[in-house]
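**Q** So I've got this file, model.txt, and it contains compact mmCIF, C-alpha atoms:
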# COMPACT_ATOMS: atom_id res chain seq x y z
CA MET A 1 50.90 40.87 -26.69
CA ALA A 2 51.24 38.36 -23.84
CA LEU A 3 49.28 38.94 -20.65
CA ASN A 4 51.21 40.17 -17.64
CA PRO A 5 51.19 37.17 -15.24
CA GLN A 6 50.87 39.62 -12.34
CA GLN A 7 47.76 41.23 -13.79
CA PRO A 8 44.50 39.32 -13.11
CA VAL A 9 42.32 38.75 -16.15
CA ALA A 10 39.16 39.20 -14.10
CA ARG A 11 37.89 40.23 -10.69
CA LEU A 12 35.32 38.01 -8.97
CA LEU A 13 33.47 38.99 -5.80
CA VAL A 14 31.89 36.29 -3.62
CA VAL A 15 29.35 37.41 -1.01
CA GLY A 16 29.05 34.94 1.87
CA GLY A 17 31.60 32.81 3.67
CA GLY A 18 29.58 29.64 4.30
CA MET A 19 29.86 26.33 2.45
CA ALA A 20 28.57 27.74 -0.83
CA GLY A 21 30.77 30.84 -0.80
CA LEU A 22 33.94 29.06 0.25
CA GLY A 23 33.26 26.28 -2.24
CA ALA A 24 32.67 28.71 -5.10
CA ALA A 25 35.81 30.70 -4.33
CA LEU A 26 37.83 27.49 -4.03
CA ALA A 27 36.49 26.08 -7.30
CA VAL A 28 37.40 29.25 -9.19
CA GLN A 29 40.77 29.50 -7.48
CA ARG A 30 41.60 25.89 -8.39
CA ALA A 31 40.52 26.35 -12.01
CA ARG A 32 41.69 29.93 -12.59
CA PRO A 33 44.43 31.13 -10.22
CA ASP A 34 44.75 34.19 -12.46
CA VAL A 35 41.28 35.43 -11.44
CA ALA A 36 41.41 37.89 -8.52
CA ILE A 37 38.90 36.61 -5.94
CA THR A 38 37.54 38.69 -3.08
CA LEU A 39 35.23 37.02 -0.54
CA LEU A 40 33.15 39.07 1.90
CA GLU A 41 31.63 37.56 5.05
CA GLN A 42 29.32 39.68 7.20
CA ALA A 43 30.10 37.86 10.49
CA PRO A 44 33.08 39.07 12.53
CA GLU A 45 34.85 35.75 11.94
CA PHE A 46 34.58 32.67 9.76
CA SER A 47 32.69 30.02 11.71
CA GLU A 48 29.92 27.43 11.55
CA ILE A 49 27.36 26.28 14.08
CA GLY A 50 27.40 22.89 15.77
CA ALA A 51 25.47 20.44 13.62
CA GLY A 52 26.11 17.51 11.34
CA ILE A 53 25.91 17.05 7.58
CA GLN A 54 25.53 13.93 5.49
CA LEU A 55 27.66 13.92 2.34
CA GLY A 56 26.56 11.51 -0.36
CA PRO A 57 29.11 10.21 -2.89
CA ASN A 58 28.25 13.11 -5.20
CA ALA A 59 29.43 15.64 -2.60
CA VAL A 60 32.46 13.60 -1.58
CA ARG A 61 33.44 13.33 -5.24
CA VAL A 62 33.60 17.14 -5.44
CA LEU A 63 35.84 17.36 -2.38
CA HIS A 64 38.11 14.64 -3.74
CA ASP A 65 38.39 16.47 -7.06
CA TRP A 66 39.54 19.55 -5.17
CA GLY A 67 42.33 17.48 -3.60
CA LEU A 68 40.72 17.28 -0.16
CA ALA A 69 40.38 13.50 0.23
CA GLU A 70 43.01 13.18 2.98
CA ALA A 71 41.74 16.21 4.86
CA LEU A 72 38.18 14.85 4.71
CA ALA A 73 39.27 11.41 5.92
CA ARG A 74 40.80 12.94 9.05
CA VAL A 75 37.60 14.61 10.27
CA ALA A 76 34.64 12.73 8.76
CA ALA A 77 32.98 9.43 9.65
CA PHE A 78 32.13 6.83 7.02
CA PRO A 79 29.03 4.88 8.12
CA GLN A 80 28.62 1.28 7.08
CA ARG A 81 24.84 1.15 6.84
CA LEU A 82 21.64 3.19 6.67
CA SER A 83 18.80 1.79 8.77
CA VAL A 84 15.22 3.06 8.66
CA ARG A 85 13.11 2.32 11.74
CA ARG A 86 9.58 3.10 12.82
CA ALA A 87 9.61 5.68 15.59
CA THR A 88 6.60 4.24 17.44
CA ASP A 89 7.75 0.63 17.95
CA GLY A 90 11.36 0.45 16.70
CA VAL A 91 10.68 -1.99 13.86
CA THR A 92 13.35 -1.87 11.14
CA LEU A 93 11.60 -0.98 7.88
CA GLY A 94 14.56 -1.12 5.49
CA THR A 95 18.32 -0.93 5.21
CA LEU A 96 20.93 0.16 2.69
CA PRO A 97 24.57 -0.95 2.82
CA LEU A 98 26.98 1.99 2.77
CA GLY A 99 30.73 1.72 3.36
CA ALA A 100 32.47 -0.48 0.81
CA ALA A 101 29.23 -1.07 -1.12
CA VAL A 102 28.79 2.64 -1.90
CA GLN A 103 32.50 3.04 -2.63
CA GLN A 104 32.33 0.22 -5.16
CA ARG A 105 29.10 1.43 -6.75
CA TYR A 106 29.92 5.13 -7.03
CA ALA A 107 33.74 5.29 -6.71
CA ALA A 108 33.33 7.58 -3.70
CA PRO A 109 32.24 6.94 -0.10
CA TYR A 110 29.25 8.13 1.91
CA ALA A 111 30.47 10.44 4.68
CA THR A 112 29.03 12.21 7.70
CA ILE A 113 30.73 15.28 9.10
CA HIS A 114 30.35 18.14 11.56
CA ARG A 115 29.48 21.40 9.78
CA ALA A 116 32.36 23.23 11.45
CA ASP A 117 34.84 20.58 10.28
CA LEU A 118 33.70 20.84 6.66
CA HIS A 119 33.74 24.62 6.87
CA THR A 120 37.28 24.63 8.29
CA LEU A 121 38.43 22.18 5.63
CA LEU A 122 37.21 24.47 2.84
CA LEU A 123 38.48 27.63 4.50
CA ARG A 124 42.01 26.28 4.97
CA ALA A 125 42.15 25.07 1.38
CA LEU A 126 41.05 28.50 0.14
CA GLN A 127 43.57 30.30 2.36
CA GLU A 128 46.40 28.39 0.67
CA GLY A 129 45.77 30.44 -2.48
CA PRO A 130 45.72 34.15 -3.31
CA ALA A 131 42.03 34.85 -2.64
CA ALA A 132 41.42 37.90 -0.42
CA LEU A 133 39.07 37.09 2.47
CA TYR A 134 37.35 39.74 4.60
CA THR A 135 35.07 39.41 7.63
CA GLY A 136 32.71 41.98 9.13
CA GLN A 137 31.67 43.15 5.65
CA ARG A 138 27.92 43.40 5.05
CA VAL A 139 26.91 44.19 1.47
CA GLN A 140 23.98 46.60 1.35
CA ARG A 141 23.30 46.58 -2.38
CA LEU A 142 24.68 45.81 -5.81
CA GLU A 143 25.12 48.45 -8.49
CA LEU A 144 24.86 46.75 -11.88
CA GLN A 145 26.94 48.33 -14.64
CA PRO A 146 27.38 47.44 -18.34
CA ASP A 147 30.93 46.18 -17.82
CA GLY A 148 30.86 45.09 -14.19
CA VAL A 149 29.20 45.06 -10.79
CA CYS A 150 29.94 47.15 -7.72
CA ALA A 151 28.97 45.95 -4.25
CA VAL A 152 28.32 48.70 -1.71
CA GLY A 153 29.10 47.85 1.90
CA SER A 154 27.11 49.02 4.91
CA ASP A 155 30.02 51.33 5.75
CA GLY A 156 29.96 52.81 2.23
CA GLN A 157 32.99 50.90 1.01
CA LEU A 158 32.87 49.96 -2.68
CA TRP A 159 33.86 46.55 -4.00
CA PRO A 160 34.06 46.64 -7.83
CA ALA A 161 34.24 43.38 -9.76
CA ASP A 162 33.59 41.87 -13.16
CA ALA A 163 31.07 39.47 -11.63
CA VAL A 164 29.48 38.69 -8.26
CA LEU A 165 28.41 35.38 -6.75
CA LEU A 166 25.72 35.59 -4.07
CA ALA A 167 26.25 32.80 -1.56
CA ASP A 168 24.80 34.55 1.46
CA GLY A 169 22.24 31.95 2.48
CA ILE A 170 18.49 31.53 2.57
CA TRP A 171 17.91 34.99 4.07
CA SER A 172 19.80 36.77 1.30
CA THR A 173 18.29 40.23 0.83
CA LEU A 174 20.50 40.69 -2.24
CA ARG A 175 18.82 37.70 -3.90
CA SER A 176 15.37 39.10 -3.06
CA ARG A 177 16.24 42.45 -4.63
CA LEU A 178 17.79 40.83 -7.70
CA LEU A 179 14.90 38.44 -8.39
CA GLY A 180 12.05 40.30 -6.70
CA ASP A 181 10.46 37.13 -5.34
CA GLY A 182 10.06 37.95 -1.64
CA ALA A 183 11.24 36.26 1.52
CA PRO A 184 11.42 32.52 2.31
CA VAL A 185 8.27 30.89 3.71
CA PHE A 186 7.94 28.79 6.88
CA SER A 187 7.42 25.13 5.98
CA GLY A 188 5.41 24.09 9.04
CA HIS A 189 8.31 21.90 10.21
CA VAL A 190 10.71 22.56 13.10
CA ALA A 191 13.99 20.70 13.59
CA TYR A 192 15.63 20.08 16.95
CA ARG A 193 19.36 19.42 16.82
CA GLY A 194 21.78 18.09 19.39
CA LEU A 195 25.24 16.58 19.75
CA LEU A 196 26.77 14.24 22.29
CA PRO A 197 29.98 12.20 22.62
CA LEU A 198 29.39 8.68 21.32
CA LYS A 199 30.84 7.30 24.54
CA ASP A 200 27.91 8.91 26.38
CA ALA A 201 25.24 7.54 24.03
CA PRO A 202 23.02 4.61 25.09
CA THR A 203 24.52 1.21 24.30
CA SER A 204 21.70 0.55 21.82
CA VAL A 205 22.98 3.30 19.50
CA PRO A 206 25.13 1.90 16.66
CA HIS A 207 28.43 3.70 16.14
CA GLU A 208 28.80 3.20 12.38
CA GLU A 209 25.29 3.71 11.06
CA VAL A 210 22.95 6.40 9.86
CA VAL A 211 19.66 5.64 11.59
CA ALA A 212 16.42 7.29 10.46
CA TRP A 213 13.25 7.10 12.56
CA LEU A 214 9.91 7.63 10.80
CA GLY A 215 6.73 8.50 12.67
CA PRO A 216 3.40 10.28 12.24
CA ARG A 217 4.15 13.96 11.56
CA LEU A 218 7.79 13.52 12.60
CA HIS A 219 11.08 11.90 11.77
CA GLY A 220 14.53 11.74 13.31
CA VAL A 221 18.04 10.83 12.24
CA HIS A 222 21.34 10.25 14.01
CA TYR A 223 24.82 9.46 12.74
CA PRO A 224 28.48 9.76 13.78
CA VAL A 225 30.57 12.88 13.14
CA ARG A 226 34.03 14.15 14.13
CA ALA A 227 35.86 11.04 12.90
CA GLY A 228 33.30 8.85 14.64
CA THR A 229 33.72 10.28 18.15
CA TRP A 230 30.47 12.29 18.39
CA LEU A 231 26.85 11.65 17.47
CA ASN A 232 24.66 14.15 15.62
CA VAL A 233 20.94 13.90 16.48
CA VAL A 234 18.09 15.64 14.63
CA LEU A 235 14.33 15.43 15.23
CA VAL A 236 11.93 17.14 12.82
CA VAL A 237 8.34 17.71 13.94
CA GLU A 238 5.35 19.39 12.34
CA GLY A 239 3.86 22.40 14.06
CA PRO A 240 3.54 26.17 14.14
CA LEU A 241 6.41 28.61 14.06
CA PRO A 242 7.68 28.94 17.65
CA GLN A 243 6.29 32.08 19.23
CA GLY A 244 8.62 35.00 19.80
CA GLU A 245 11.36 33.65 17.55
CA PRO A 246 12.77 36.00 14.91
CA PRO A 247 13.36 34.68 11.40
CA GLY A 248 16.44 32.53 11.32
CA TRP A 249 17.43 28.95 11.81
CA ASP A 250 19.40 28.61 15.03
CA HIS A 251 17.71 29.17 18.39
CA GLU A 252 18.08 27.79 21.89
CA ALA A 253 15.73 24.95 22.84
CA THR A 254 15.13 22.56 25.70
CA ARG A 255 14.44 18.84 25.96
CA GLY A 256 11.09 19.74 27.48
CA GLN A 257 10.09 21.74 24.41
CA LEU A 258 11.00 18.81 22.18
CA LEU A 259 9.18 16.20 24.25
CA GLN A 260 6.07 18.37 24.41
CA VAL A 261 5.70 18.42 20.63
CA LEU A 262 7.11 14.95 19.98
CA GLY A 263 4.73 12.63 21.80
CA PRO A 264 5.53 8.98 22.68
CA VAL A 265 8.33 7.24 20.76
CA HIS A 266 10.16 3.92 21.02
CA ARG A 267 12.23 3.48 24.18
CA GLU A 268 15.56 3.37 22.30
CA LEU A 269 14.88 6.67 20.61
CA GLN A 270 13.61 8.14 23.88
CA ALA A 271 16.78 7.05 25.70
CA LEU A 272 18.90 8.77 23.07
CA LEU A 273 16.91 12.00 23.32
CA ASP A 274 17.30 11.95 27.10
CA ALA A 275 21.08 11.61 26.71
CA VAL A 276 21.53 14.72 24.55
CA PRO A 277 22.73 17.47 26.92
CA GLN A 278 21.69 20.52 24.89
CA TRP A 279 19.25 21.22 22.08
CA ARG A 280 19.00 23.87 19.38
CA GLN A 281 15.84 24.70 17.48
CA TRP A 282 15.70 25.24 13.73
CA PRO A 283 12.41 26.40 12.11
CA LEU A 284 12.58 25.22 8.51
CA PHE A 285 11.98 27.91 5.91
CA GLY A 286 12.21 27.47 2.17
CA ARG A 287 11.18 28.39 -1.34
CA ALA A 288 9.35 26.61 -4.13
CA PRO A 289 11.58 24.47 -6.36
CA MET A 290 13.52 26.48 -8.93
CA ARG A 291 11.50 27.41 -12.02
CA GLY A 292 14.29 28.15 -14.45
CA PRO A 293 17.87 29.32 -14.96
CA HIS A 294 16.82 32.93 -14.31
CA GLU A 295 16.78 32.06 -10.57
CA HIS A 296 20.47 31.12 -10.74
CA ALA A 297 21.92 34.03 -12.73
CA ARG A 298 21.11 37.50 -14.01
CA GLY A 299 23.78 39.10 -16.18
CA ARG A 300 26.96 39.32 -14.15
CA VAL A 301 25.38 38.07 -10.91
CA GLY A 302 25.17 34.39 -9.99
CA VAL A 303 23.18 32.96 -7.06
CA LEU A 304 24.14 29.62 -5.51
CA GLY A 305 23.62 27.41 -2.50
CA ASP A 306 20.78 28.18 -0.10
CA ALA A 307 20.46 31.69 -1.51
CA ALA A 308 19.31 30.09 -4.77
CA HIS A 309 17.69 26.79 -3.77
CA PRO A 310 17.15 26.14 -0.05
CA MET A 311 16.63 22.42 0.54
CA ARG A 312 14.43 20.73 3.09
CA PRO A 313 16.58 18.19 4.99
CA TYR A 314 14.75 15.06 3.77
CA LEU A 315 17.27 14.05 1.11
CA ALA A 316 20.38 15.26 2.99
CA GLN A 317 21.57 17.29 -0.01
CA GLY A 318 21.67 20.94 1.04
CA ALA A 319 25.44 21.17 1.42
CA ALA A 320 25.96 18.78 -1.48
CA MET A 321 24.06 20.95 -3.95
CA ALA A 322 26.02 24.01 -2.85
CA LEU A 323 29.28 22.12 -3.46
CA GLU A 324 27.99 20.88 -6.83
CA ASP A 325 27.08 24.45 -7.82
CA ALA A 326 30.62 25.56 -7.05
CA TRP A 327 32.32 22.60 -8.74
CA THR A 328 30.28 23.03 -11.93
CA LEU A 329 31.19 26.70 -12.17
CA GLY A 330 34.86 25.77 -11.93
CA ARG A 331 34.45 23.18 -14.69
CA LEU A 332 32.88 25.72 -17.04
CA LEU A 333 35.62 28.34 -16.73
CA PRO A 334 37.83 28.75 -19.81
CA PRO A 335 41.53 27.85 -19.56
CA VAL A 336 44.01 29.99 -17.67
CA ALA A 337 44.82 33.40 -19.18
CA GLN A 338 41.81 33.37 -21.48
CA PRO A 339 39.28 36.18 -20.96
CA VAL A 340 36.09 35.27 -19.13
CA ASP A 341 32.75 36.34 -20.58
CA TRP A 342 30.97 36.38 -17.23
CA PRO A 343 27.38 36.86 -18.43
CA LEU A 344 27.78 33.98 -20.89
CA LEU A 345 29.55 31.79 -18.32
CA LEU A 346 26.90 32.35 -15.66
CA GLN A 347 24.11 31.78 -18.19
CA ARG A 348 25.64 28.42 -19.21
CA TRP A 349 26.18 27.50 -15.56
CA ALA A 350 22.59 28.38 -14.67
CA ARG A 351 21.20 26.29 -17.53
CA TRP A 352 23.32 23.36 -16.42
CA ARG A 353 22.43 23.51 -12.72
CA TRP A 354 18.85 24.66 -12.25
CA ALA A 355 16.93 21.51 -13.22
CA ARG A 356 19.01 19.21 -11.01
CA ASN A 357 18.61 21.56 -8.07
CA ALA A 358 14.87 21.81 -8.69
CA ARG A 359 14.61 18.02 -8.78
CA VAL A 360 16.42 17.68 -5.46
CA GLN A 361 14.20 20.35 -3.93
CA SER A 362 11.07 18.53 -5.15
CA ARG A 363 12.27 15.12 -3.99
CA SER A 364 13.17 16.55 -0.60
CA ARG A 365 9.65 17.92 -0.20
CA ARG A 366 8.12 14.62 -1.28
CA ASN A 367 10.30 12.69 1.12
CA GLY A 368 9.07 14.89 3.95
CA SER A 369 5.49 13.83 3.24
CA ILE A 370 6.51 10.17 3.06
CA PHE A 371 8.65 10.27 6.21
CA HIS A 372 5.83 11.90 8.23
CA ALA A 373 3.04 9.82 6.69
CA GLN A 374 -0.10 8.68 8.49
CA GLY A 375 -2.90 6.27 7.58
CA LEU A 376 -2.80 4.44 4.24
CA LEU A 377 0.25 6.33 2.99
CA ARG A 378 2.19 5.20 6.04
CA TRP A 379 1.07 1.60 5.53
CA GLY A 380 2.12 1.69 1.88
CA ARG A 381 5.48 3.26 2.76
CA ASP A 382 6.28 0.57 5.31
CA LEU A 383 5.30 -2.22 2.93
CA ALA A 384 7.37 -0.76 0.11
CA LEU A 385 10.43 -0.42 2.33
CA ALA A 386 10.03 -4.02 3.52
CA LEU A 387 9.87 -5.32 -0.07
CA LEU A 388 12.20 -2.93 -1.90
CA GLY A 389 14.31 -1.32 0.84
CA PRO A 390 17.71 -0.98 -0.90
CA ARG A 391 16.17 -0.04 -4.25
CA LEU A 392 14.08 2.71 -2.66
CA LEU A 393 16.83 4.05 -0.40
CA ASP A 394 19.58 4.17 -3.01
CA GLN A 395 19.65 7.20 -5.31
CA PRO A 396 21.76 6.42 -8.41
CA TRP A 397 20.54 9.51 -10.33
CA LEU A 398 21.83 11.63 -7.45
CA TYR A 399 24.87 9.83 -6.08
CA ALA A 400 26.49 9.27 -9.49
CA GLY A 401 26.72 13.04 -9.95
CA PRO A 402 27.45 15.80 -10.28
CA PRO A 403 26.96 15.79 -14.05
CA ASP A 404 30.11 17.08 -15.72
CA PRO A 405 29.51 19.82 -18.28
CA ARG A 406 32.87 19.06 -19.87
CA ALA A 407 31.74 15.55 -20.66
CA ALA A 408 28.44 16.63 -22.23
CA VAL A 409 27.94 15.90 -25.89
CA GLY A 410 26.93 18.87 -27.98
CA GLY A 411 27.61 21.61 -25.44
CA GLN A 412 25.67 22.66 -22.38
CA GLY A 413 22.31 21.55 -21.15
The structure in this file should be written as structure tokens.
**A**
Amino acid sequence: MALNPQQPVARLLVVGGGMAGLGAALAVQRARPDVAITLLEQAPEFSEIGAGIQLGPNAVRVLHDWGLAEALARVAAFPQRLSVRRATDGVTLGTLPLGAAVQQRYAAPYATIHRADLHTLLLRALQEGPAALYTGQRVQRLELQPDGVCAVGSDGQLWPADAVLLADGIWSTLRSRLLGDGAPVFSGHVAYRGLLPLKDAPTSVPHEEVVAWLGPRLHGVHYPVRAGTWLNVVLVVEGPLPQGEPPGWDHEATRGQLLQVLGPVHRELQALLDAVPQWRQWPLFGRAPMRGPHEHARGRVGVLGDAAHPMRPYLAQGAAMALEDAWTLGRLLPPVAQPVDWPLLLQRWARWRWARNARVQSRSRRNGSIFHAQGLLRWGRDLALALLGPRLLDQPWLYAGPPDPRAAVGGQG
């Protein structure tokens, strides 16, 4: 008997309306419009904070595959070069051509974008389909059943589904209960973030570059966002967890607080910091790199994005890995109208994704040590960048992705 086209073949619940949750819902909606998708966001409205994101070709490739190339081009910037400079004296240590060079090498550009612009782009694309989106819905717990999962809201409302995707961020209590591995741990690093119109930036600041500054126990980065009209500025310093701050990642800060922990830096970097009108503080928490597919999926529950694998910002891949998680899940879904074996699907997805995410987590941690190096390690880093700059700064294993499970020989990894 033919399936009723009005009757969904499966019900999927997505918890969390950030990049990972929107991306996952969009990937499933694109691949399987016959799956009934419900997305629950605990905040009273869908929104993102003011900060920038770098999107390597691997992340841009996902957005293009979802049909979002034109929408991305309207709001993103596409830098022409990456420059790495020493924070103490301004010396350029190495460069990597971006722009046309990256487009030619990876068939996708390198983009920089405001978080809110990327979030809006995904949200609007998802709203074009039949997915049901709800705000102000906090999930208290999951009730696991043999043939499904039921999410219980803080108001007692029940949300039954055939499967649940947890995309509720690094502080996900649902992930902690599912895996029993405790809360994230403070890394010893604190990021300070700011934005300013490019027209108000010092004349020494390039408008079409990603510039990274490396110094002892610190590093900074700035790049254009909002179609090249604003500049995103981030400084990461080592130090204790700020006193009196609750767990989280977005707090008010002042220039004075930053300068107190930063110490002396090159005059061009100092001039830029002085031009930023307002700062936010972001204590960096995280988890150890993933240890296996069991940290991505258990039965009918999948965990993705920062809830599964929070990334330190030293490889600029946090948002990218969340988008890759979502895209891969969409690629693994069976064709329209076929039944979905959710435990098997999530198990295959977890096996395919965990090792790549663990590698990015590990490389991000290692980069943090290299960026903040002192003594002989710093000397070796600077020499290596001078001799092998483009080879060290390019990441073919990363930017050529995401690996496509459909193209794999002999099934899943």
**Q** Residues near Gly256 in chain A, anyone? I mean within 12 Å using all atoms listed in the file, not counting same-chain ones fewer than 2 positions away, as a compact mmCIF listing (two decimals) with C-alpha atoms, in the frame of the given file.
**A**
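Generated output (part15.txt):
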# COMPACT_ATOMS: atom_id res chain seq x y z
CA TYR A 192 15.63 20.08 16.95
CA ALA A 253 15.73 24.95 22.84
CA THR A 254 15.13 22.56 25.70
CA LEU A 258 11.00 18.81 22.18
CA LEU A 259 9.18 16.20 24.25
CA GLN A 260 6.07 18.37 24.41
CA VAL A 261 5.70 18.42 20.63
CA LEU A 262 7.11 14.95 19.98
CA GLY A 263 4.73 12.63 21.80
CA LEU A 273 16.91 12.00 23.32
CA ASP A 274 17.30 11.95 27.10
CA VAL A 276 21.53 14.72 24.55
CA PRO A 277 22.73 17.47 26.92
CA GLN A 278 21.69 20.52 24.89
CA TRP A 279 19.25 21.22 22.08
**Q** In terms of the shortest atom-to-atom distance over all atoms listed in the file, which of A:Pro97, A:Gly18, A:Gly330, A:Gly50 is closest to Gln281 in chain A?
**A** A:Gly50
**Q** Which is closer to Gln317 in chain A than all the others in A:Val237, A:Cys150, A:Ala358, A:Leu133, using only C-alpha atoms?
**A**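 Of A:Val237, A:Cys150, A:Ala358, A:Leu133, the one nearest Gln317 in chain A, counting only C-alpha atoms, is A:Ala358.
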**Q** I'd like the contact shell of Gln103 in chain A - 12 Å cut-off, all atoms listed in the file, skipping same-chain residues fewer than 2 positions apart - returned as an NGL selection string.
**A** :A and (56-58 or 60-61 or 78-80 or 97-101 or 105-111 or 399-400)
**Q** List the neighbours of range 336-346 of chain A out to 9 Å using all atoms listed in the file; skip same-chain residues closer than 6 positions along the sequence, and give me the result as JSON, numbers by chain.
**A** {"A": [3, 5, 8, 9, 10, 31, 32, 33, 34, 35, 162, 163, 296, 297, 298, 299, 300, 301, 302, 329]}
**Q** Skipping near chain neighbours, those fewer than 6 positions away, what residues fall within 6 Å of range 203-211 of chain A using all atoms listed in the file, listed as a PDB file with C-alpha atoms, in the frame of the given file?
**A**
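Okay, selection_23.pdb is ready:
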ATOM      1  CA  PRO A  79      29.030   4.880   8.120  1.00  0.00           C
ATOM      2  CA  GLN A  80      28.620   1.280   7.080  1.00  0.00           C
ATOM      3  CA  ARG A  81      24.840   1.150   6.840  1.00  0.00           C
ATOM      4  CA  LEU A  82      21.640   3.190   6.670  1.00  0.00           C
ATOM      5  CA  SER A  83      18.800   1.790   8.770  1.00  0.00           C
ATOM      6  CA  VAL A  84      15.220   3.060   8.660  1.00  0.00           C
ATOM      7  CA  VAL A 221      18.040  10.830  12.240  1.00  0.00           C
ATOM      8  CA  HIS A 222      21.340  10.250  14.010  1.00  0.00           C
ATOM      9  CA  TYR A 223      24.820   9.460  12.740  1.00  0.00           C
TER      10      TYR A 223
END
**Q** Which neighbours of Leu174 in chain A fall inside 12 Å, counting all atoms listed in the file, when residues of the same chain fewer than 2 positions from it are skipped, and could you give them as a PyMOL selection string?
**A** chain A and resi 15-16+138-143+151-153+164-172+176-183+301-303+307-308
**Q** Could you please determine the separation between CA of Met321 in chain A and CA of Arg30 in chain A in Å, to one decimal place?
**A**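 CA of Arg30 in chain A lies 18.8 Å from CA of Met321 in chain A.
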**Q** How many Å lie between CA of Ala36 in chain A and CA of Ala132 in chain A, rounded to one decimal?
**A**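 It comes out at 8.1 Å.
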**Q** Could you jot down the CA of Ala24 in chain A to CA of Val360 in chain A separation for me, Å, one decimal place?
**A** 19.6 Å
**Q** Determine the nearest neighbour of Leu93 in chain A from the options A:Leu385, A:Leu315, A:Leu393, A:Ala326, counting only C-alpha atoms.
**A**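 Once distances to Leu93 in chain A are computed over only C-alpha atoms, the minimum belongs to A:Leu385.
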**Q** At a cut-off of 10 Å from (22.5, 26.5, -17.7) in the coordinates of the file, what residues are picked up using all atoms listed in the file, written as a list in words?
**A** Gly292, Pro293, His294, His296, Ala297, Leu344, Leu345, Leu346, Gln347, Arg348, Trp349, Ala350, Arg351, Trp352, Arg353, Trp354, Ala355, Pro405, Gln412 and Gly413 of chain A
**Q** Pick out the closest residue to Leu383 in chain A from this set: A:Thr92, A:Arg217, A:Leu22, A:Leu144. Count all atoms listed in the file.
**A**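 Of all the options, A:Thr92 lies closest to Leu383 in chain A.
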**Q** Ranking A:Ala131, A:Met290, A:Leu241, A:Leu332 by minimum distance to Arg359 in chain A and counting all atoms listed in the file, which one comes first?
**A**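 Closest to Arg359 in chain A of all the choices is A:Met290.
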**Q** With all atoms listed in the file as the atoms that count, which of A:Asp200, A:Glu324, A:Glu48, A:Glu70 lies nearest to Gly401 in chain A?
**A**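 Checking each of A:Asp200, A:Glu324, A:Glu48, A:Glu70 against Gly401 in chain A, counting all atoms listed in the file, the winner is A:Glu324.
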**Q** Using only the atoms of range 47-63 of chain A listed in the file, plus 5 Å on each side, state the axis-aligned box centre and edge lengths in Å rounded to one decimal, as lines of an AutoDock Vina configuration file.
**A**
center_x = 30.7
center_y = 20.1
center_z = 5.2
size_x = 20.4
size_y = 29.8
size_z = 31.2
